[in-house]
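Shown next: protein_23.csv, given as CSV, C-alpha atoms and all ligand atoms.
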chain,number,residue,atom,x,y,z
A,1,MET,CA,48.8,126.0,178.0
A,2,ILE,CA,46.9,123.8,180.4
A,3,GLU,CA,43.3,124.8,180.7
A,4,THR,CA,41.7,121.9,182.6
A,5,ALA,CA,42.0,120.3,186.0
A,6,TYR,CA,40.4,117.1,187.2
A,7,ILE,CA,39.9,116.5,190.9
A,8,HIS,CA,39.0,113.0,192.0
A,9,ILE,CA,36.8,112.5,195.0
A,10,PRO,CA,36.6,108.8,195.6
A,11,PHE,CA,33.8,108.5,198.3
A,12,CYS,CA,30.6,106.7,197.4
A,13,SER,CA,27.6,105.6,199.5
A,14,TYR,CA,27.9,102.1,197.9
A,15,LYS,CA,30.2,100.4,195.4
A,16,CYS,CA,28.1,99.6,192.3
A,17,ASP,CA,28.7,96.1,191.0
A,18,PHE,CA,29.9,97.3,187.6
A,19,CYS,CA,32.2,100.0,188.7
A,20,ASP,CA,35.9,99.8,188.0
A,21,PHE,CA,36.8,103.4,189.1
A,22,ALA,CA,38.9,104.3,192.2
A,23,ALA,CA,35.7,104.6,194.2
A,24,PHE,CA,35.2,103.4,197.8
A,25,ALA,CA,32.2,102.9,200.0
A,26,GLY,CA,32.5,103.1,203.8
A,27,LEU,CA,35.5,105.4,204.0
A,28,ASN,CA,33.8,108.6,204.8
A,29,HIS,CA,35.4,108.8,208.2
A,30,ARG,CA,38.7,109.4,206.3
A,31,GLU,CA,37.5,112.4,204.3
A,32,GLY,CA,39.6,114.8,206.3
A,33,GLU,CA,42.7,112.7,205.8
A,34,TYR,CA,42.0,112.4,202.1
A,35,PHE,CA,41.5,116.2,201.5
A,36,GLU,CA,44.7,116.9,203.4
A,37,ALA,CA,46.7,114.7,201.1
A,38,LEU,CA,44.8,116.1,198.0
A,39,SER,CA,45.7,119.6,199.0
A,40,LYS,CA,49.4,118.7,199.4
A,41,GLU,CA,49.4,117.0,196.1
A,42,ILE,CA,47.8,120.0,194.3
A,43,LYS,CA,50.5,122.3,195.8
A,44,GLY,CA,53.3,119.8,195.0
A,45,ARG,CA,52.4,119.0,191.4
A,46,LEU,CA,51.6,122.6,190.4
A,47,ALA,CA,55.1,123.6,191.7
A,48,ASN,CA,56.6,121.0,189.4
A,49,THR,CA,54.5,121.7,186.2
A,50,ARG,CA,56.5,123.4,183.4
A,51,GLU,CA,53.6,124.2,181.0
A,52,PRO,CA,51.8,127.4,181.8
A,53,VAL,CA,48.4,127.0,183.5
A,54,LYS,CA,45.3,129.1,183.1
A,55,LEU,CA,42.2,127.1,184.0
A,56,SER,CA,39.0,127.5,182.1
A,57,SER,CA,37.6,124.2,183.5
A,58,ILE,CA,37.7,122.4,186.9
A,59,TYR,CA,36.0,119.0,187.1
A,60,PHE,CA,35.1,117.2,190.3
A,61,GLY,CA,34.6,113.6,189.4
A,62,GLY,CA,34.6,110.4,191.2
A,63,GLY,CA,33.4,108.6,193.1
A,64,THR,CA,30.6,110.9,194.2
A,65,PRO,CA,31.8,114.4,194.8
A,66,GLY,CA,28.2,115.4,195.5
A,67,MET,CA,28.4,113.3,198.7
A,68,VAL,CA,31.1,115.2,200.5
A,69,ALA,CA,30.6,118.4,202.5
A,70,PRO,CA,30.7,121.5,200.2
A,71,GLU,CA,33.3,123.0,202.5
A,72,TYR,CA,35.8,120.5,201.0
A,73,ILE,CA,35.0,121.6,197.5
A,74,GLU,CA,35.3,125.2,198.5
A,75,ALA,CA,38.7,124.6,200.0
A,76,ILE,CA,40.0,123.0,196.8
A,77,LEU,CA,38.6,125.9,194.7
A,78,ASP,CA,40.2,128.5,197.0
A,79,GLN,CA,43.5,126.7,196.8
A,80,LEU,CA,43.5,126.5,193.0
A,81,ALA,CA,42.5,130.2,192.9
A,82,SER,CA,45.5,131.1,195.0
A,83,LEU,CA,48.0,129.0,193.0
A,84,VAL,CA,47.0,129.4,189.3
A,85,GLU,CA,45.2,131.9,187.0
A,86,LEU,CA,41.5,131.2,186.5
A,87,ALA,CA,39.8,132.2,183.2
A,88,PRO,CA,36.9,134.7,183.7
A,89,ALA,CA,34.4,132.2,182.2
A,90,LEU,CA,35.5,129.3,184.4
A,91,GLU,CA,33.4,126.1,184.0
A,92,ILE,CA,33.1,124.2,187.3
A,93,CYS,CA,31.5,120.7,186.9
A,94,LEU,CA,30.6,118.4,189.8
A,95,GLU,CA,29.3,114.8,189.6
A,96,ALA,CA,26.6,113.7,192.0
A,97,THR,CA,24.3,110.7,192.4
A,98,PRO,CA,20.5,111.6,192.6
A,99,HIS,CA,20.4,110.7,196.3
A,100,SER,CA,23.4,112.9,197.2
A,101,VAL,CA,21.6,116.0,196.0
A,102,SER,CA,19.8,118.3,198.5
A,103,GLU,CA,18.5,121.8,198.4
A,104,GLN,CA,21.1,123.0,200.8
A,105,LYS,CA,23.9,121.5,198.8
A,106,LEU,CA,22.6,122.9,195.5
A,107,ASP,CA,22.6,126.4,197.0
A,108,ARG,CA,26.2,126.0,198.3
A,109,TRP,CA,27.4,124.6,195.0
A,110,LYS,CA,25.8,127.5,193.1
A,111,ALA,CA,27.5,130.0,195.5
A,112,LEU,CA,30.8,128.3,194.9
A,113,GLY,CA,30.4,128.8,191.2
A,114,VAL,CA,29.5,125.2,190.1
A,115,SER,CA,28.1,125.8,186.6
A,116,ARG,CA,27.5,122.2,185.6
A,117,LEU,CA,26.0,119.4,187.6
A,118,SER,CA,26.3,115.8,186.3
A,119,VAL,CA,23.7,113.5,187.8
A,120,GLY,CA,24.3,109.7,187.5
A,121,ILE,CA,20.8,108.3,186.9
A,122,GLU,CA,21.9,105.2,184.8
A,123,SER,CA,18.3,103.9,184.3
A,124,PHE,CA,14.7,104.9,185.2
A,125,HIS,CA,13.8,101.2,185.8
A,126,GLU,CA,13.8,99.8,189.2
A,127,GLU,CA,14.8,96.3,188.0
A,128,GLU,CA,17.7,97.6,186.0
A,129,LEU,CA,19.0,99.7,188.8
A,130,ARG,CA,18.9,96.7,191.1
A,131,SER,CA,20.5,94.5,188.4
A,132,ILE,CA,23.7,96.6,188.3
A,133,GLY,CA,23.8,97.1,192.1
A,134,ARG,CA,22.9,100.8,192.3
A,135,ASP,CA,21.9,101.9,195.7
A,136,HIS,CA,19.3,104.4,194.6
A,137,SER,CA,15.7,103.7,193.5
A,138,ARG,CA,13.7,105.1,190.6
A,139,GLU,CA,11.9,107.4,193.1
A,140,GLU,CA,15.2,108.7,194.4
A,141,ALA,CA,16.4,109.3,190.9
A,142,LEU,CA,13.3,111.3,190.1
A,143,ARG,CA,13.5,113.3,193.3
A,144,GLY,CA,17.2,114.1,192.9
A,145,LEU,CA,16.7,115.1,189.3
A,146,GLU,CA,13.7,117.4,190.0
A,147,LEU,CA,15.7,119.1,192.8
A,148,ALA,CA,18.8,119.6,190.5
A,149,LEU,CA,16.7,120.8,187.6
A,150,SER,CA,14.7,123.2,189.7
A,151,SER,CA,17.8,124.8,191.2
A,152,SER,CA,19.8,127.8,189.8
A,153,ILE,CA,22.7,125.6,188.6
A,154,PRO,CA,22.8,126.7,184.9
A,155,VAL,CA,23.6,123.4,183.3
A,156,VAL,CA,22.5,119.9,184.3
A,157,SER,CA,23.6,116.7,182.7
A,158,MET,CA,22.2,113.2,183.1
A,159,ASP,CA,24.2,110.0,182.8
A,160,PHE,CA,22.7,106.8,181.6
A,161,MET,CA,23.9,103.3,180.8
A,162,TYR,CA,22.6,100.7,178.2
A,163,GLY,CA,23.5,97.1,177.5
A,164,LEU,CA,22.5,96.3,181.1
A,165,PRO,CA,21.4,92.9,182.3
A,166,THR,CA,17.6,92.6,182.1
A,167,GLN,CA,17.4,95.7,179.8
A,168,SER,CA,15.3,95.4,176.7
A,169,LEU,CA,15.0,97.8,173.7
A,170,GLU,CA,11.5,98.8,175.0
A,171,SER,CA,12.7,99.6,178.5
A,172,TRP,CA,15.6,101.6,177.0
A,173,ARG,CA,13.2,103.5,174.8
A,174,ALA,CA,11.1,104.3,177.9
A,175,THR,CA,14.1,105.6,179.8
A,176,LEU,CA,15.1,107.8,176.8
A,177,ASP,CA,11.5,109.1,176.5
A,178,GLU,CA,11.5,110.0,180.1
A,179,ALA,CA,14.8,111.8,179.8
A,180,ILE,CA,13.6,113.7,176.8
A,181,ALA,CA,10.4,114.7,178.7
A,182,PHE,CA,12.6,116.1,181.4
A,183,SER,CA,14.6,118.1,178.9
A,184,GLU,CA,11.3,119.6,177.5
A,185,ARG,CA,10.2,120.6,181.0
A,186,TYR,CA,13.5,121.9,182.3
A,187,PRO,CA,15.7,124.2,180.1
A,188,SER,CA,18.7,123.6,182.3
A,189,LEU,CA,18.9,120.0,181.1
A,190,LYS,CA,21.4,120.7,178.3
A,191,HIS,CA,23.5,117.5,178.3
A,192,ILE,CA,23.0,113.7,178.3
A,193,SER,CA,25.7,111.1,178.4
A,194,ALA,CA,25.0,107.4,177.7
A,195,TYR,CA,27.6,104.7,178.1
A,196,GLY,CA,27.4,101.1,176.9
A,197,LEU,CA,28.1,98.7,179.8
A,198,GLN,CA,31.7,97.5,179.6
A,199,LEU,CA,32.8,95.2,182.4
A,200,ALA,CA,36.3,94.6,183.8
A,201,GLU,CA,37.5,90.9,183.7
A,202,GLN,CA,36.7,90.3,187.4
A,203,SER,CA,33.6,92.5,187.7
A,204,PRO,CA,31.5,91.7,190.8
A,205,LEU,CA,28.4,91.9,188.5
A,206,TYR,CA,29.5,88.5,187.1
A,207,GLY,CA,28.6,87.0,190.5
A,208,ARG,CA,24.9,87.6,189.7
A,209,PHE,CA,25.0,87.7,186.0
A,210,PRO,CA,27.8,85.5,184.6
A,211,LYS,CA,29.6,86.6,181.4
A,212,ASP,CA,27.5,84.1,179.3
A,213,SER,CA,24.2,85.0,180.9
A,214,ASP,CA,21.3,85.6,178.6
A,215,SER,CA,20.3,88.6,180.7
A,216,TYR,CA,22.8,90.7,178.8
A,217,PRO,CA,21.7,92.2,175.5
A,218,ASP,CA,23.5,90.4,172.6
A,219,GLU,CA,25.6,92.3,170.0
A,220,GLU,CA,22.6,93.0,167.7
A,221,LEU,CA,20.4,94.3,170.5
A,222,PHE,CA,23.3,96.4,171.9
A,223,ALA,CA,23.8,98.0,168.5
A,224,ALA,CA,20.0,98.6,168.2
A,225,MET,CA,20.1,100.4,171.6
A,226,MET,CA,23.0,102.6,170.5
A,227,LEU,CA,21.2,103.6,167.3
A,228,LEU,CA,17.9,104.2,169.1
A,229,LEU,CA,19.8,106.5,171.5
A,230,ILE,CA,21.3,108.5,168.7
A,231,GLU,CA,18.0,108.7,166.8
A,232,LYS,CA,15.9,109.8,169.8
A,233,LEU,CA,18.3,112.4,171.2
A,234,ARG,CA,18.9,113.9,167.8
A,235,GLN,CA,15.1,114.2,167.3
A,236,ALA,CA,14.9,115.9,170.7
A,237,GLY,CA,17.4,118.6,169.6
A,238,PHE,CA,20.6,117.2,171.1
A,239,VAL,CA,23.9,117.4,169.1
A,240,HIS,CA,25.7,114.1,169.2
A,241,TYR,CA,29.2,115.4,169.6
A,242,GLU,CA,31.1,112.4,171.0
A,243,VAL,CA,30.4,108.7,170.9
A,244,SER,CA,28.7,108.7,174.3
A,245,ASN,CA,27.8,112.4,174.7
A,246,PHE,CA,25.0,114.7,173.5
A,247,ALA,CA,24.4,118.4,174.2
A,248,LYS,CA,22.2,121.2,173.2
A,249,GLU,CA,24.1,123.4,170.8
A,250,GLY,CA,26.9,125.3,172.6
A,251,PHE,CA,26.7,123.2,175.8
A,252,GLN,CA,29.3,120.6,175.1
A,253,CYS,CA,31.4,119.7,178.2
A,254,ARG,CA,34.6,121.7,178.0
A,255,HIS,CA,36.5,119.4,180.3
A,256,ASN,CA,35.9,116.2,178.4
A,257,SER,CA,36.6,117.9,175.1
A,258,THR,CA,40.1,118.5,176.4
A,259,TYR,CA,40.7,114.7,176.6
A,260,TRP,CA,39.2,114.1,173.2
A,261,LYS,CA,41.3,116.7,171.6
A,262,ASN,CA,44.4,115.2,173.1
A,263,GLN,CA,45.3,118.4,175.0
A,264,SER,CA,47.2,118.6,178.3
A,265,TYR,CA,45.3,118.4,181.5
A,266,LEU,CA,46.0,118.3,185.3
A,267,ALA,CA,44.5,115.7,187.6
A,268,PHE,CA,44.7,115.2,191.3
A,269,GLY,CA,43.5,112.5,193.7
A,270,VAL,CA,43.6,108.8,194.1
A,271,GLY,CA,44.0,107.0,190.8
A,272,ALA,CA,43.8,110.3,188.8
A,273,HIS,CA,45.3,110.3,185.3
A,274,ARG,CA,47.0,113.4,183.9
A,275,TYR,CA,48.7,114.5,180.7
A,276,VAL,CA,51.3,117.2,181.5
A,277,ASP,CA,54.5,118.2,179.9
A,278,GLY,CA,54.2,115.4,177.3
A,279,VAL,CA,53.9,112.7,180.0
A,280,ARG,CA,50.9,110.7,180.9
A,281,SER,CA,50.9,109.5,184.5
A,282,ALA,CA,48.5,108.2,187.1
A,283,ASN,CA,48.4,108.2,190.9
A,284,TRP,CA,48.1,105.1,193.0
A,285,ARG,CA,44.6,103.5,192.8
A,286,SER,CA,44.9,102.2,196.4
A,287,PHE,CA,43.4,104.7,198.9
A,288,ASN,CA,46.0,103.9,201.6
A,289,ARG,CA,48.9,104.0,199.1
A,290,TYR,CA,47.8,107.4,197.8
A,291,ILE,CA,47.5,108.9,201.3
A,292,ARG,CA,51.0,107.7,202.0
A,293,GLY,CA,52.5,108.7,198.7
A,294,TYR,CA,50.3,111.4,197.0
A,295,MET,CA,53.2,112.6,194.9
A,296,GLU,CA,54.1,109.1,193.6
A,297,ASP,CA,53.0,107.7,190.3
A,298,GLU,CA,51.7,104.2,189.8
A,299,PHE,CA,52.0,104.6,186.1
A,300,VAL,CA,54.1,106.9,183.9
A,301,GLU,CA,54.4,107.0,180.1
A,302,GLU,CA,56.4,109.4,178.0
A,303,ILE,CA,54.3,110.1,174.9
A,304,ASP,CA,56.5,109.8,171.8
A,305,ARG,CA,55.5,111.0,168.4
A,306,GLU,CA,54.1,107.7,167.2
A,307,THR,CA,51.9,107.3,170.3
A,308,GLU,CA,50.7,110.9,170.0
A,309,ILE,CA,49.6,110.2,166.5
A,310,LYS,CA,47.8,107.0,167.4
A,311,GLU,CA,46.1,108.7,170.3
A,312,ALA,CA,45.0,111.6,168.0
A,313,VAL,CA,43.4,109.1,165.6
A,314,MET,CA,41.7,107.2,168.4
A,315,LEU,CA,40.4,110.3,170.2
A,316,GLY,CA,39.6,112.2,166.9
A,317,LEU,CA,37.4,109.4,165.7
A,318,ARG,CA,35.4,109.3,169.0
A,319,MET,CA,34.3,112.9,168.1
A,320,ARG,CA,31.3,112.8,165.8
A,321,ALA,CA,32.8,115.6,163.7
A,322,GLY,CA,35.8,113.3,163.1
A,323,ILE,CA,39.3,114.3,162.1
A,324,GLU,CA,40.0,117.4,159.9
A,325,LEU,CA,42.7,115.8,157.7
A,326,ALA,CA,44.4,119.1,156.7
A,327,ASP,CA,44.7,120.0,160.4
A,328,PHE,CA,45.9,116.6,161.3
A,329,TYR,CA,48.7,116.8,158.6
A,330,SER,CA,49.8,120.3,159.7
A,331,LYS,CA,50.0,119.1,163.3
A,332,TYR,CA,51.6,115.7,162.8
A,333,GLY,CA,53.1,115.8,159.3
A,334,PHE,CA,51.3,112.6,158.6
A,335,ARG,CA,48.7,112.0,155.8
A,336,LEU,CA,46.3,109.6,157.4
A,337,GLU,CA,44.1,109.3,154.3
A,338,GLU,CA,47.2,108.1,152.3
A,339,SER,CA,48.9,105.8,154.8
A,340,ARG,CA,45.6,104.1,155.8
A,341,LYS,CA,44.0,104.3,152.4
A,342,LYS,CA,43.1,100.6,152.1
A,343,ALA,CA,41.4,100.4,155.6
A,344,ILE,CA,39.5,103.7,154.9
A,345,GLU,CA,38.2,102.5,151.6
A,346,HIS,CA,37.2,99.2,153.1
A,347,PHE,CA,35.1,100.8,155.9
A,348,SER,CA,33.8,103.5,153.7
A,349,GLU,CA,32.4,101.0,151.2
A,350,ALA,CA,30.7,99.1,154.0
A,351,GLY,CA,29.1,102.5,155.1
A,352,TYR,CA,31.0,102.6,158.4
A,353,LEU,CA,33.3,105.6,157.7
A,354,SER,CA,32.7,108.8,155.8
A,355,LEU,CA,35.4,110.8,154.1
A,356,LEU,CA,33.7,114.1,153.1
A,357,ASN,CA,35.1,117.6,152.6
A,358,GLY,CA,38.4,116.7,154.0
A,359,ARG,CA,37.0,115.1,157.2
A,360,LEU,CA,37.2,111.5,158.2
A,361,ALA,CA,34.4,110.4,160.6
A,362,ILE,CA,32.7,107.2,161.8
A,363,THR,CA,29.1,107.0,160.6
A,364,ASP,CA,26.1,106.1,162.8
A,365,GLU,CA,26.2,102.6,161.4
A,366,GLY,CA,29.9,102.3,162.2
A,367,LEU,CA,29.5,103.3,165.8
A,368,PRO,CA,28.7,99.9,167.2
A,369,ILE,CA,32.0,98.6,165.8
A,370,SER,CA,34.0,101.8,166.3
A,371,ASN,CA,36.6,100.0,168.4
A,372,SER,CA,37.5,97.6,165.6
A,373,ILE,CA,37.5,100.5,163.1
A,374,ILE,CA,39.9,102.5,165.3
A,375,VAL,CA,42.2,99.5,165.9
A,376,ASP,CA,42.5,99.0,162.1
A,377,LEU,CA,43.3,102.6,161.5
A,378,ILE,CA,46.0,102.9,164.1
B,401,LIG,S1,28.4,105.8,192.3
B,401,LIG,FE1,29.7,105.9,190.4
B,401,LIG,S2,31.8,106.0,191.1
B,401,LIG,FE2,30.5,105.3,192.9
B,401,LIG,S3,30.6,103.1,192.8
B,401,LIG,FE3,28.8,103.7,191.6
B,401,LIG,S4,29.5,103.9,189.5
B,401,LIG,FE4,31.3,103.8,190.8
Could you spell out this file's structure in structure tokens?
Ligand code: SF4
Amino acid sequence: MIETAYIHIPFCSYKCDFCDFAAFAGLNHREGEYFEALSKEIKGRLANTREPVKLSSIYFGGGTPGMVAPEYIEAILDQLASLVELAPALEICLEATPHSVSEQKLDRWKALGVSRLSVGIESFHEEELRSIGRDHSREEALRGLELALSSSIPVVSMDFMYGLPTQSLESWRATLDEAIAFSERYPSLKHISAYGLQLAEQSPLYGRFPKDSDSYPDEELFAAMMLLLIEKLRQAGFVHYEVSNFAKEGFQCRHNSTYWKNQSYLAFGVGAHRYVDGVRSANWRSFNRYIRGYMEDEFVEEIDRETEIKEAVMLGLRMRAGIELADFYSKYGFRLEESRKKAIEHFSEAGYLSLLNGRLAITDEGLPISNSIIVDLI
């Protein structure tokens, strides 16, 4: 059963220097054209989907979905409601930048059933925001956040980044302190995401901060930032449920959990990736190519058993609860703890993995090297 749909809205007010998503600035005059293609794609792909669909989560990501007129969001929701069954406790999440939020939009989103709003803050420091090419200021971040948190949207999430050029451990601590202060003042702030900066090979950010620039935190500082994040948010009552995600108990993001549990999900829009009927596929990343061929795939991969197992290990270890080994065996017929015994022992002795009560999980200390651990285990 497919329970989740992702809708990609690619419009942004400015293309941030670190961003490698299918996101475009200066294309707002083509919104009508885009939503027409998107609507045709939704209809076409749902007609071709064999797995039954009952959605409990619809996620508008981007790009900046908060930037477009709420009427477009409404039309997509109406279309989905007419084509598939929706669960009574449907979660609708929408991503926004702080300067795309307004009182009028918040009221409209609430009326449309938006139950989670994810606001991309990235940093509370002016210099860091400028360093990564964000087009909002600290003041705008605070204003947008106050508006979102004072609205009747039930759950608000903030997104941050660390490992930024010019960022220090102290400036990161100050950003986290400010985020925690917001969560103490506003009960709707139930979720915080924080991603370590990872740049594509040809990132525009290298134009100002070349790869070998001293402005980037080194490995040691990066690890210290990650551990500080975990320590402070845990102390503030957030559950660390995935490498980059923290939530108040019971407020984990349903949509993202679908990815991490390796379950099927629908996705529509330019560059959108889906996992349906045992096949991963992605739409064209080029805006024009998508408009011309919204039902064409730029990438298709049939997921065989071996790939499915590797993905289950990779995604399972991103969850802080780790992998329940008995479940893993009953699902895949594969005893991970036996076939990867040597690697598990090696990382456990170093304090980077824990194998307790039938669960294999990466420890806090192992998180900064989680990618190497996962590569060794698959
Ligand atoms: S606002 Fe988000 S999606 Fe848009 S360019 Fe910046 S990082 Fe990318």
Sphere at (18.8, 117.1, 181.4), radius 6 Å, counting only C-alpha atoms: residues as a list in words: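 Output of the proximity query reads Val156, Ser157, Met158, Ser183, Leu189, Lys190 and His191 of chain A.
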Just-selected residues, C-alpha atoms written as a PDB file, keeping the file's coordinate frame:
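Once written, part_35.pdb looks like this:
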ATOM      1  CA  VAL A 156      22.500 119.900 184.300  1.00  0.00           C
ATOM      2  CA  SER A 157      23.600 116.700 182.700  1.00  0.00           C
ATOM      3  CA  MET A 158      22.200 113.200 183.100  1.00  0.00           C
ATOM      4  CA  SER A 183      14.600 118.100 178.900  1.00  0.00           C
ATOM      5  CA  LEU A 189      18.900 120.000 181.100  1.00  0.00           C
ATOM      6  CA  LYS A 190      21.400 120.700 178.300  1.00  0.00           C
ATOM      7  CA  HIS A 191      23.500 117.500 178.300  1.00  0.00           C
TER       8      HIS A 191
END
Using Å and a single decimal, report how far atom S4 of ligand LIG 401 (chain B) sits from CA of Asn371 (chain A).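 We find that CA of Asn371 (chain A) and atom S4 of ligand LIG 401 (chain B) lie 22.6 Å from each other.
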Under the rule that all atoms listed in the file are counted, which of A:His29, A:His136, A:His125, A:Lys342 is the nearest residue to ligand LIG 401 (chain B)?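 Looking at the shortest contact to ligand LIG 401 (chain B), the residue is A:His136.
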Spatial neighbours of region 274-279 of chain A, 6 Å, all atoms listed in the file, chain gap at least 4 places, as a ChimeraX atom specification: /A:264-267,301-303
Per residue of chain A within 8 Å of ligand LIG 401 (chain B), note the shortest atom pair and the distance in Å to one decimal, counting all atoms listed in the file, and order the rows by chain and increasing residue number, as a Markdown table.
| residue | atom | partner | partner_atom | distance |
| --- | --- | --- | --- | --- |
| A:Pro10 | CA | B:LIG401 | S2 | 7.2 |
| A:Phe11 | CA | B:LIG401 | FE2 | 7.1 |
| A:Cys12 | CA | B:LIG401 | FE2 | 4.7 |
| A:Ser13 | CA | B:LIG401 | FE2 | 7.2 |
| A:Tyr14 | CA | B:LIG401 | S3 | 5.9 |
| A:Lys15 | CA | B:LIG401 | S3 | 3.8 |
| A:Cys16 | CA | B:LIG401 | FE3 | 4.2 |
| A:Asp17 | CA | B:LIG401 | S3 | 7.5 |
| A:Phe18 | CA | B:LIG401 | S4 | 6.9 |
| A:Cys19 | CA | B:LIG401 | FE4 | 4.4 |
| A:Asp20 | CA | B:LIG401 | FE4 | 6.7 |
| A:Phe21 | CA | B:LIG401 | FE4 | 5.8 |
| A:Ala22 | CA | B:LIG401 | S2 | 7.4 |
| A:Ala23 | CA | B:LIG401 | S2 | 5.2 |
| A:Phe24 | CA | B:LIG401 | S3 | 6.8 |
| A:Ala25 | CA | B:LIG401 | S3 | 7.4 |
| A:Gly62 | CA | B:LIG401 | S2 | 5.2 |
| A:Gly63 | CA | B:LIG401 | S2 | 3.6 |
| A:Thr64 | CA | B:LIG401 | FE2 | 5.7 |
| A:Thr97 | CA | B:LIG401 | S1 | 6.4 |
| A:Gly120 | CA | B:LIG401 | FE1 | 7.2 |
| A:Arg134 | CA | B:LIG401 | FE3 | 6.6 |
Export, as an mmCIF file, in the coordinates of the input, the selected residues with C-alpha atoms.
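Listing of selection29.cif after writing:
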data_model
loop_
_atom_site.group_PDB
_atom_site.id
_atom_site.type_symbol
_atom_site.label_atom_id
_atom_site.label_comp_id
_atom_site.auth_asym_id
_atom_site.auth_seq_id
_atom_site.Cartn_x
_atom_site.Cartn_y
_atom_site.Cartn_z
ATOM 1 C CA PRO A 10 36.600 108.800 195.600
ATOM 2 C CA PHE A 11 33.800 108.500 198.300
ATOM 3 C CA CYS A 12 30.600 106.700 197.400
ATOM 4 C CA SER A 13 27.600 105.600 199.500
ATOM 5 C CA TYR A 14 27.900 102.100 197.900
ATOM 6 C CA LYS A 15 30.200 100.400 195.400
ATOM 7 C CA CYS A 16 28.100 99.600 192.300
ATOM 8 C CA ASP A 17 28.700 96.100 191.000
ATOM 9 C CA PHE A 18 29.900 97.300 187.600
ATOM 10 C CA CYS A 19 32.200 100.000 188.700
ATOM 11 C CA ASP A 20 35.900 99.800 188.000
ATOM 12 C CA PHE A 21 36.800 103.400 189.100
ATOM 13 C CA ALA A 22 38.900 104.300 192.200
ATOM 14 C CA ALA A 23 35.700 104.600 194.200
ATOM 15 C CA PHE A 24 35.200 103.400 197.800
ATOM 16 C CA ALA A 25 32.200 102.900 200.000
ATOM 17 C CA GLY A 62 34.600 110.400 191.200
ATOM 18 C CA GLY A 63 33.400 108.600 193.100
ATOM 19 C CA THR A 64 30.600 110.900 194.200
ATOM 20 C CA THR A 97 24.300 110.700 192.400
ATOM 21 C CA GLY A 120 24.300 109.700 187.500
ATOM 22 C CA ARG A 134 22.900 100.800 192.300
#
Mind checking which residues fall within 12 Å of region 218-222 of chain A, counting only C-alpha atoms, ignoring those fewer than 2 positions away in the same chain, and posting them as number ranges by chain? A: 161-170, 172, 195-198, 211-216, 224-229, 367-369
Would you mind listing what lies within 9 Å of Arg138 (chain A) as JSON, numbers by chain, with all atoms listed in the file counted and same-chain residues fewer than 6 positions away left out? {"A": [121, 123, 124, 125, 126, 129]}
For Ala343 (chain A), find every residue with an atom within 9 Å (counting only C-alpha atoms), except residues of its own chain fewer than 2 positions away, and show them as a PyMOL selection string. chain A and resi 340-341+345-348+373+376-377
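The closest residue to Ala47 (chain A), picked from A:Leu83, A:Ala75, A:Tyr59, A:Gly366 and counting only C-alpha atoms, is A:Leu83.
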What is the distance between CA of Thr4 (chain A) and CA of Leu325 (chain A), in Å to one decimal?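 Pair CA of Thr4 (chain A) / CA of Leu325 (chain A) returns 25.7 Å.
Reported to one decimal place, the separation of CA of Glu249 (chain A) from CA of Glu231 (chain A) is 16.4 Å.
Distances to Glu178 (chain A) were evaluated for A:Ala236, A:Asp327, A:Arg130, A:Ile76 using only C-alpha atoms, and the minimum falls at A:Ala236.
Distance check against Pro187 (chain A) using all atoms listed in the file: of A:Arg359, A:Arg289, A:Lys248, A:Arg254, the minimum falls on A:Lys248.
Of the residues listed (A:Leu233, A:Ile192, A:Ala148, A:Met295), A:Leu233 shows the shortest atom-to-atom separation from Arg173 (chain A); distances use all atoms listed in the file.
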Pro154 (chain A) proximity check over A:Ala179, A:Ile92, A:Lys261, A:Ser131, using all atoms listed in the file: winner is A:Ile92
Might you pull out every residue within 12 Å of Ile309 (chain A), with all atoms listed in the file counted and same-chain residues fewer than 4 positions away left off, and present them as a compact mmCIF listing (two decimals) with C-alpha atoms, keeping the file's coordinate frame?
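For reference, part35.txt as written:
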# COMPACT_ATOMS: atom_id res chain seq x y z
CA LYS A 261 41.30 116.70 171.60
CA ASN A 262 44.40 115.20 173.10
CA ILE A 303 54.30 110.10 174.90
CA ASP A 304 56.50 109.80 171.80
CA ARG A 305 55.50 111.00 168.40
CA VAL A 313 43.40 109.10 165.60
CA MET A 314 41.70 107.20 168.40
CA LEU A 315 40.40 110.30 170.20
CA GLY A 316 39.60 112.20 166.90
CA ILE A 323 39.30 114.30 162.10
CA PHE A 328 45.90 116.60 161.30
CA TYR A 329 48.70 116.80 158.60
CA LYS A 331 50.00 119.10 163.30
CA TYR A 332 51.60 115.70 162.80
CA GLY A 333 53.10 115.80 159.30
CA PHE A 334 51.30 112.60 158.60
CA ARG A 335 48.70 112.00 155.80
CA LEU A 336 46.30 109.60 157.40
CA LEU A 377 43.30 102.60 161.50
CA ILE A 378 46.00 102.90 164.10
